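Here's the structure we're looking at; comments come further down.
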Amino acid sequence: MPEPIEPFEEGRAIAATGGGGAADLAMAEAETLEKTPGGPRGTGPEGKARSLWSDAWRDLRRNPVFIVSGLIILFLVVISLWPSLIASGDPLDCDLSKAQEGSQPGHPFGFNGQGCDVYTRTVYGARTSVTVGVLATLGVALLGSVLGGLAGFFGGAWDGILSRITDVFFAIPVVLGGLVLLSVVTSSTVWPVIGFMVLLGWPQISRIARGSVITAKQNDYVQAARALGASNSRMLLRHITPNAVAPVIVVATIALGTYIALEATLSYLGVGLKPPTVSWGIDISSASQYVRNAPHMLLWPAGALAITVLAFIMLGDAVRDALDPKLR
C-alpha cells in the first residue's frame, strides 16, 4: 500500500487525508484560508499579500472622479460638523425688513422670504442632509445585508419567506409611501424620515446581499472550509462576508445620494422635515413661490443639493469600477 504524501506549506507538514490528491489539495487550501481572512490572495511585486481591497484602493487613488467627489464629500462632512467655520450667523435669525433682498456685503446669497440669510441656511442645511443620508444608508445596509445574507446562506423556507416580504415592499411606491406614513408624524426631528427610508430601502440591499452570498458560498475555499468542519458563523464571518460585501458597498454608496434627494423631496412636499429644522428641501419648498421675483432663494439650496447628490453618485461609480474585477 503506497504511503500517503505529506505536502509541506511554510515549513509545516499537512497530514494527507487518504482521499486522493484533490482532497488533500482542498484541505491544504482550506487551512491556508483559515489563516488568511477574505479569501484567496495574490502577491504584489514585493511579495506581499494583495487582496481585492488593496487593489481597489490603489485604483481609487488614481481615479480623478474619486478624488474630486471625495474632496467635495470631505468638505460637506467638515461643514456639517463645524458649520461655524464658514458661516458665523444664525440660520434662524431673520429680519422681515430684508425679505427677498439680493446679495449684500456680508450676505452673498441674499435673503429668503422671511428675511433669513440664504448663505447661512445653505451651509447649515448640509448638516441635516448629510446626517439623514448617512444614517439612512447605514440602517438600510445593515438590515438588508443581515436579512439577505442569512437568506442566501441558509436558503429553504427562510429564503422563500424573505423573498415574498421583499416583493411586498418593492410594490410600495416610495414617494406615495412617504406621503401616507409621514403625514401622521408631527415630530420635526430627522428620525421619522430616517426610519421611513430604512423601512422601504432595505429590500434592494437584501436582494443584492442574498445573490452575492449565494455566489460566494459556492466557491471552492468555502466548500473546503465546510469539509474541515468550520461552523456556519465562521464561514459567514471569515470566508463569505469579506468576499460578498463589495456589491453592497457599491449600491449603498450610490444610494446615499438618493436618500439625500429623497429627504429633500419629502420635505418639499411637506411631509419630511419640518420647521424650525434647517433643510435644503424646506428652503426649496418655501422659495418655489418666489422663483420669479427672487430666484436666488431657490438657486443656492437647489445647487447645493444637486452638487451633493452628484458627488455621492460619482463616488459610487468610482467604487464600483474599483471593486468589479471584470472592469480591471
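Just remember, in the C-alpha cells the first chain shown is A, the second B, etc., residues are 1-based per chain, and ligands are 1-based in the order shown.
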
Handout entry: Selection near stretch 271-284 of chain A, 7 Å with only C-alpha atoms, sequence-local residues under 3 positions removed, as a VMD selection string
Key = chain A and resid 121 to 122 124 to 125 128 to 129 179 182 to 183 188 to 190 193 263 to 268 287 to 288 298 301 to 302 305

Fill in the blank from the handout: One decimal place gives the atom CA of A:Val68-atom CA of A:Thr131 separation as 21.1 Å

Practice task
Using only C-alpha atoms, find the one residue out of A:Val123, A:Ala216, A:Met314, A:Cys116 that sits nearest to A:Pro247.
Solution key: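 The closest residue to A:Pro247 is A:Ala216.
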
Problem - Shell of 12 Å around A:Gly149, only C-alpha atoms, local chain residues under 4 positions omitted, as number ranges by chain - result: A: 141-145, 153-155, 158-159, 162, 203, 205-217, 233, 236-237, 240-245, 248

Completion exercise
Using only C-alpha atoms, the residue out of A:Ile161, A:Ala261, A:Val175, A:Ile254 with shortest distance to A:Ala318 is A:Ile254

Handout entry: Pairwise distance for atom CA of A:Arg320 and atom CA of A:Arg238, rounded to one decimal in Å
Key =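 Computing it gives 22.7 Å between the two atoms.
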
Problem - Nearby residues (only C-alpha atoms) at most 10 Å from A:Pro108, same-chain spacing under 3 positions excluded, as a ChimeraX atom specification - result: /A:102-105,111,117-120

Residues just named, written with all heavy atoms as an mmCIF file, in the first residue's frame:
```
data_model
loop_
_atom_site.group_PDB
_atom_site.id
_atom_site.type_symbol
_atom_site.label_atom_id
_atom_site.label_comp_id
_atom_site.auth_asym_id
_atom_site.auth_seq_id
_atom_site.Cartn_x
_atom_site.Cartn_y
_atom_site.Cartn_z
ATOM 1 N N GLY A 102 -31.586 90.857 -2.458
ATOM 2 C CA GLY A 102 -30.483 90.148 -3.096
ATOM 3 C C GLY A 102 -29.196 90.230 -2.312
ATOM 4 O O GLY A 102 -29.179 90.540 -1.111
ATOM 5 N N SER A 103 -28.096 89.959 -3.014
ATOM 6 C CA SER A 103 -26.784 89.913 -2.377
ATOM 7 C C SER A 103 -26.412 91.271 -1.788
ATOM 8 O O SER A 103 -26.629 92.322 -2.405
ATOM 9 C CB SER A 103 -25.733 89.473 -3.403
ATOM 10 O OG SER A 103 -24.446 89.496 -2.838
ATOM 11 N N GLN A 104 -25.811 91.207 -0.579
ATOM 12 C CA GLN A 104 -25.340 92.394 0.120
ATOM 13 C C GLN A 104 -24.005 92.063 0.768
ATOM 14 O O GLN A 104 -23.663 90.894 0.938
ATOM 15 C CB GLN A 104 -26.344 92.842 1.189
ATOM 16 C CG GLN A 104 -27.696 93.272 0.659
ATOM 17 C CD GLN A 104 -28.642 93.699 1.765
ATOM 18 O OE1 GLN A 104 -28.260 93.752 2.941
ATOM 19 N NE2 GLN A 104 -29.886 94.011 1.398
ATOM 20 N N PRO A 105 -23.208 93.067 1.142
ATOM 21 C CA PRO A 105 -21.957 92.796 1.850
ATOM 22 C C PRO A 105 -22.210 91.996 3.128
ATOM 23 O O PRO A 105 -23.033 92.384 3.965
ATOM 24 C CB PRO A 105 -21.420 94.195 2.158
ATOM 25 C CG PRO A 105 -22.011 95.066 1.109
ATOM 26 C CD PRO A 105 -23.379 94.513 0.842
ATOM 27 N N PHE A 111 -31.313 87.142 0.886
ATOM 28 C CA PHE A 111 -32.223 86.769 1.960
ATOM 29 C C PHE A 111 -33.439 86.053 1.376
ATOM 30 O O PHE A 111 -33.806 86.265 0.223
ATOM 31 C CB PHE A 111 -32.681 88.018 2.737
ATOM 32 C CG PHE A 111 -31.555 88.763 3.389
ATOM 33 C CD1 PHE A 111 -30.873 89.752 2.692
ATOM 34 C CD2 PHE A 111 -31.172 88.480 4.687
ATOM 35 C CE1 PHE A 111 -29.827 90.454 3.286
ATOM 36 C CE2 PHE A 111 -30.131 89.173 5.292
ATOM 37 C CZ PHE A 111 -29.455 90.157 4.589
ATOM 38 N N ASP A 117 -30.828 84.769 6.242
ATOM 39 C CA ASP A 117 -29.663 84.748 5.361
ATOM 40 C C ASP A 117 -29.611 83.424 4.605
ATOM 41 O O ASP A 117 -29.492 82.349 5.219
ATOM 42 C CB ASP A 117 -28.391 84.954 6.188
ATOM 43 C CG ASP A 117 -27.149 85.031 5.312
ATOM 44 O OD1 ASP A 117 -27.296 85.385 4.130
ATOM 45 O OD2 ASP A 117 -26.051 84.734 5.817
ATOM 46 N N VAL A 118 -29.686 83.465 3.286
ATOM 47 C CA VAL A 118 -29.698 82.252 2.468
ATOM 48 C C VAL A 118 -28.362 81.517 2.572
ATOM 49 O O VAL A 118 -28.318 80.283 2.606
ATOM 50 C CB VAL A 118 -30.030 82.592 1.007
ATOM 51 C CG1 VAL A 118 -29.940 81.345 0.124
ATOM 52 C CG2 VAL A 118 -31.420 83.199 0.909
ATOM 53 N N TYR A 119 -27.275 82.249 2.630
ATOM 54 C CA TYR A 119 -25.951 81.608 2.723
ATOM 55 C C TYR A 119 -25.843 80.784 4.002
ATOM 56 O O TYR A 119 -25.409 79.622 3.971
ATOM 57 C CB TYR A 119 -24.865 82.677 2.690
ATOM 58 C CG TYR A 119 -23.474 82.156 2.986
ATOM 59 C CD1 TYR A 119 -22.764 81.453 2.031
ATOM 60 C CD2 TYR A 119 -22.881 82.349 4.238
ATOM 61 C CE1 TYR A 119 -21.493 80.962 2.295
ATOM 62 C CE2 TYR A 119 -21.619 81.871 4.511
ATOM 63 C CZ TYR A 119 -20.927 81.177 3.540
ATOM 64 O OH TYR A 119 -19.674 80.692 3.818
ATOM 65 N N THR A 120 -26.238 81.354 5.129
ATOM 66 C CA THR A 120 -26.142 80.640 6.401
ATOM 67 C C THR A 120 -27.047 79.416 6.404
ATOM 68 O O THR A 120 -26.652 78.340 6.870
ATOM 69 C CB THR A 120 -26.514 81.576 7.562
ATOM 70 O OG1 THR A 120 -25.667 82.722 7.525
ATOM 71 C CG2 THR A 120 -26.357 80.870 8.897
#
```

Handout entry: Gap from atom CA of A:Gln218 to atom CA of A:Trp53 - Å, one decimal
Key =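 Pair atom CA of A:Gln218 / atom CA of A:Trp53 returns 21.0 Å.
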
Considering only C-alpha atoms, return as an mmCIF file with N, CA and C atoms, in the first residue's frame whatever protein or nucleic-acid residues lie within 12 Å of A:Gly160, sequence-local ones (same chain, fewer than 4 positions apart) excluded.
```cif
data_model
loop_
_atom_site.group_PDB
_atom_site.id
_atom_site.type_symbol
_atom_site.label_atom_id
_atom_site.label_comp_id
_atom_site.auth_asym_id
_atom_site.auth_seq_id
_atom_site.Cartn_x
_atom_site.Cartn_y
_atom_site.Cartn_z
ATOM 1 N N GLY A 148 -30.666 39.574 3.987
ATOM 2 C CA GLY A 148 -30.350 38.952 2.711
ATOM 3 C C GLY A 148 -29.233 37.931 2.811
ATOM 4 N N LEU A 150 -28.370 36.074 5.466
ATOM 5 C CA LEU A 150 -28.861 34.856 6.114
ATOM 6 C C LEU A 150 -29.763 34.060 5.177
ATOM 7 N N ALA A 151 -30.603 34.751 4.409
ATOM 8 C CA ALA A 151 -31.466 34.053 3.455
ATOM 9 C C ALA A 151 -30.653 33.346 2.378
ATOM 10 N N GLY A 152 -29.617 34.012 1.872
ATOM 11 C CA GLY A 152 -28.791 33.387 0.849
ATOM 12 C C GLY A 152 -27.960 32.237 1.372
ATOM 13 N N PHE A 154 -28.623 30.206 4.248
ATOM 14 C CA PHE A 154 -29.386 29.060 4.733
ATOM 15 C C PHE A 154 -30.414 28.579 3.715
ATOM 16 N N GLY A 155 -30.961 29.487 2.895
ATOM 17 C CA GLY A 155 -31.930 29.090 1.892
ATOM 18 C C GLY A 155 -33.196 28.510 2.509
ATOM 19 N N GLY A 156 -33.871 27.669 1.765
ATOM 20 C CA GLY A 156 -35.043 26.982 2.274
ATOM 21 C C GLY A 156 -36.212 27.905 2.554
ATOM 22 N N ARG A 164 -40.777 36.770 -0.466
ATOM 23 C CA ARG A 164 -42.162 37.253 -0.610
ATOM 24 C C ARG A 164 -42.345 38.589 0.116
ATOM 25 N N ILE A 165 -41.721 38.735 1.287
ATOM 26 C CA ILE A 165 -41.799 40.007 2.003
ATOM 27 C C ILE A 165 -41.123 41.108 1.197
ATOM 28 N N THR A 166 -40.010 40.791 0.578
ATOM 29 C CA THR A 166 -39.305 41.764 -0.254
ATOM 30 C C THR A 166 -40.168 42.213 -1.426
ATOM 31 N N ASP A 167 -40.870 41.282 -2.044
ATOM 32 C CA ASP A 167 -41.758 41.632 -3.157
ATOM 33 C C ASP A 167 -42.842 42.608 -2.713
ATOM 34 N N ARG A 210 -28.202 38.837 -0.809
ATOM 35 C CA ARG A 210 -28.590 37.428 -0.980
ATOM 36 C C ARG A 210 -27.884 36.812 -2.181
#
```

Exercise for the section: Pick out each residue of stretch 137-285 of chain A that DSSP on the backbone tags as helix (DSSP H, G or I); I need them as a VMD selection string. Expected result: chain A and resid 137 to 154 156 to 170 174 to 184 191 to 216 220 to 227 232 to 244 246 to 268 280 to 285

Exercise for the section: Enumerate as a list in words all residues of stretch 29-251 of chain A assigned to strand (DSSP E or B) by DSSP on the backbone, naming them with the chain letters and numbers the document uses. Expected result: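 Put together, the selection reads Gly42, Thr43, Ala49, Arg50, Cys94, Gln104, His107, Phe111, Cys116 and Asp117 of chain A.
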
Exercise for the section: With a distance cut-off of 9 Å and only C-alpha atoms, select the neighbouring residues of A:Gly316, excluding the residue or stretch itself and same-chain residues fewer than 5 positions from it, and output the selection as a list in words. Expected result: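 Skipping anything fewer than 5 positions along the chain leaves Phe66, Ile249, Val250, Val251, Ala252, Thr253, Ile254, Ala255, Leu256, Ala311 and Asp321 of chain A.
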
Exercise for the section: Find the residue from A:Thr186, A:Asn232, A:Ser285, A:Thr308 that sits nearest to A:Ala126; use only C-alpha atoms when measuring. Expected result: A:Thr308
